[in-house]
Amino acid sequence: MEERVNVDLEDFSSSGALLETFIQEMQSQDPLILIGIFVALAIVFLTAVFFGNLFGSSKVRNVVLLLGLCDSGKTLLFTRLLIGKFVRTQMSFTESCASYKCKNDKATSWTLIDVPGHESLRSQIVEKYKAMARAIVFVVDSSVFQKDVKDVAEFLYSTLTDNMVAKNAPAVLVACNKQDVAVAKSAKLIQQQLEKELNTLRVTRSAALSSQDDAVGMGGSAYLGKKGKDFEFSQLPNRVEFIECSACGDKGEDGDADIDALEKSLAKL
């Protein structure tokens, strides 16, 4: 036992001597050289952290969320994007996930997630996937937009002011669906009316937003648009597009969907 202790102490003394020699050697160097060494090490460290965050975040953000109110045509649109066929759908109580291959030269693939439209279900599912969202396809029923405009605006407002969504700024593609219906509103009119409704919502909630300014990044809400100006989608850091489409198509079950514009936008992600 005594021999082992003596060996350990000897090793420790040897290590201490080496450390002392190293310190003396460093002290004998030109201070400018030492500063250069430390600066170089700092640059290497910061570069590694920066690129680790950059590429790390881009790898995990591979989800395209399909959002919208009930009966907006999300699930049929989901099916059309995946297999191109008309399939009768019904209300879902959980998310549907599938790999979607874009129609571009790179054949890029994203995870397409159809989120149920019911308010009691969607919040939990959006919370689950929002950090991974590369894009949000927000589906609007253009044929009943006038009736649903306030509900659509409420849902879109809560989505865009979410801190995680505001921070990551995924592309937002507003799919103005059911354009095959005669009374469907145009994408331009839908954009204009949503801007007005979102501006009204922002004003009515300004007091609550002000109280949460210090809580950004801690579960509060981000401010929508620019302060002191009426809201416009062009003020957002996200790439926002309004697209006219029809998951059903003008020939119903036997025809093709009119979703080319949406597919082209997804191919740009």
# chains A, B, ... in the order shown; residues from 1 in each chain; ligands from 1
>>> residues_around(residues="A:Ile83", least_positions_apart="5", cutoff="12 Å", atoms="only C-alpha atoms", output="list in words")
Leu76, Leu77, Phe78, Ala98, Ser99, Tyr100, Lys101, Asp256 and Ala257 of chain A
>>> write_last_selection(atoms="N, CA and C atoms", output="CSV table (one decimal), in the first residue's frame")
chain,number,residue,atom,x,y,z
A,76,LEU,N,-57.7,16.5,-48.3
A,76,LEU,CA,-57.8,16.2,-49.7
A,76,LEU,C,-56.5,16.8,-50.4
A,77,LEU,N,-56.2,18.0,-50.0
A,77,LEU,CA,-55.0,18.6,-50.6
A,77,LEU,C,-53.7,17.8,-50.2
A,78,PHE,N,-53.7,17.3,-49.0
A,78,PHE,CA,-52.6,16.4,-48.5
A,78,PHE,C,-52.5,15.2,-49.4
A,98,ALA,N,-46.4,12.0,-43.9
A,98,ALA,CA,-45.9,11.3,-45.1
A,98,ALA,C,-44.7,12.1,-45.7
A,99,SER,N,-43.9,11.3,-46.4
A,99,SER,CA,-42.8,12.0,-47.1
A,99,SER,C,-43.2,12.5,-48.4
A,100,TYR,N,-43.0,13.8,-48.7
A,100,TYR,CA,-43.4,14.4,-49.9
A,100,TYR,C,-42.2,14.8,-50.7
A,101,LYS,N,-42.1,14.4,-52.0
A,101,LYS,CA,-41.0,14.7,-52.9
A,101,LYS,C,-41.4,15.8,-53.8
A,256,ASP,N,-58.4,16.2,-62.5
A,256,ASP,CA,-57.1,16.4,-61.8
A,256,ASP,C,-57.3,17.6,-60.9
A,257,ALA,N,-56.5,17.7,-59.9
A,257,ALA,CA,-56.5,18.8,-59.0
A,257,ALA,C,-55.7,20.0,-59.7
>>> residues_around(residues="A:Arg122", least_positions_apart="3", cutoff="12 Å", atoms="only C-alpha atoms", output="PyMOL selection string")
chain A and resi 65-70+92-95+113-119+125-130+155+158-159
>>> closest_residue(among="A:Arg134, A:Lys85, A:Arg80, A:Lys167", to="A:Val63", atoms="only C-alpha atoms")
A:Arg134
>>> select_by_dssp(residues="stretch 81-249 of chain A", states="strand (DSSP E)", output="JSON, numbers by chain")
{"A": [96, 97, 98, 99, 100, 101, 109, 110, 111, 112, 113, 114, 133, 134, 135, 136, 137, 138, 139, 140, 141, 171, 172, 173, 174, 175, 176, 177, 240, 241, 242, 243, 244]}
>>> closest_residue(among="A:Leu189, A:Leu112, A:Val152, A:Met164", to="A:Asn62", atoms="only C-alpha atoms")
A:Leu112
>>> select_by_dssp(residues="stretch 139-177 of chain A", states="helix (DSSP H, G or I)", output="ChimeraX atom specification")
/A:142-160,163-168
